[in-house]
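First comes the structure, then the notes that go with it.
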Amino acid sequence: MSDNWFESIVKGGKRNWPECDAFFKHAKYVDTLGLGYKDFVDKVEGHPFLLSPDDRMHLFDVYESKRIDPATCQDVKHALTSSDFDKFKNWNSSSTLASMDSHMLGVYHYNPNRKSTSHNPNHHKFTTYGGSVKDLLRYLRNLNHHYHEQKLVVSMEDVDRRVRTQFGGFLEQLYKHL
């Protein structure tokens, strides 16, 4: 169902555009599922590549809600443990944290119940994330919420760009599996 001429126009030759490549790979994958035309179109047009930065970031909230919903949590747990997500294990390594922007680190360390101790006013209790894929999903959901609730100084486009740079392919894998 995907047309090679369209793909060649969008790719534009030798340009490196990983999100576009992932979109076409997804369209080819969906084509193998034998879906009817309407279902095929729905699955392709909902791909994160075609969404706005705000809508892409909102998907993390949608998937986190599915993860904690008793009706869908087993499906999400099964998906997150698939080998497609192996590269996202240990996502919060010291090298990844060192390359995060300050707003991303602020969310990583955020705790609304933060209290200074009387003997050390700079000591704060921080939110903790393990290195699991589940924790990465929770962190990205929190990043989206903090952007909207805390009115971060950076733009949503910048947040989305940093997420795609730091965790490239994660949202696409979530979309494919969920």
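The chains in the structure tokens are called A, B, ... from first to last as shown; in each chain the residues are counted from 1, and the ligands are counted from 1 in the order shown.
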
#### Entry: Contacts of range 81-91 of chain A at 12 Å (only C-alpha atoms; same-chain gap of 4+ positions) as JSON, numbers by chain
{"A": [74, 75, 76, 77, 95, 96, 97, 98, 99, 100, 108, 129, 130, 131, 132, 133, 134, 135, 136, 137, 139, 140, 163, 166, 167, 168, 169, 170, 171, 172, 173, 174, 175, 176, 177, 178]}

### Message
When DSSP is applied to the backbone of this structure, which of chain A are assigned alpha helix (DSSP H)? Write them out as a PyMOL selection string.
### Response
chain A and resi 4-11+18-31+37-45+53-68+73-80+94-98+102-108+133-150+156-166+170-177

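Take CA of Phe60 in chain A and CA of Arg141 in chain A: the distance between them is 4.9 Å.
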
### Query
Quick one: distance from CA of His78 in chain A to CA of His47 in chain A in Å, one decimal?
20.8 Å

### Query
Taking into account only C-alpha atoms, which residue in the set A:Ser52, A:Thr32, A:Ser65, A:Asn111 is nearest to Glu157 in chain A?
A:Ser52

### Task
Select, from A:Met57, A:Arg161, A:Trp17, A:Val44, the residue with the minimum atom-to-atom distance to Leu143 in chain A, counting only C-alpha atoms.
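Checking each candidate against Leu143 in chain A, we get A:Met57 as the closest.
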
#### Entry: Shortest interatomic distance to Asp42 in chain A - which of A:Thr165, A:Ala27, A:Asp54, A:Asp101, counting only C-alpha atoms
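Closest to Asp42 in chain A, using only C-alpha atoms: A:Ala27.
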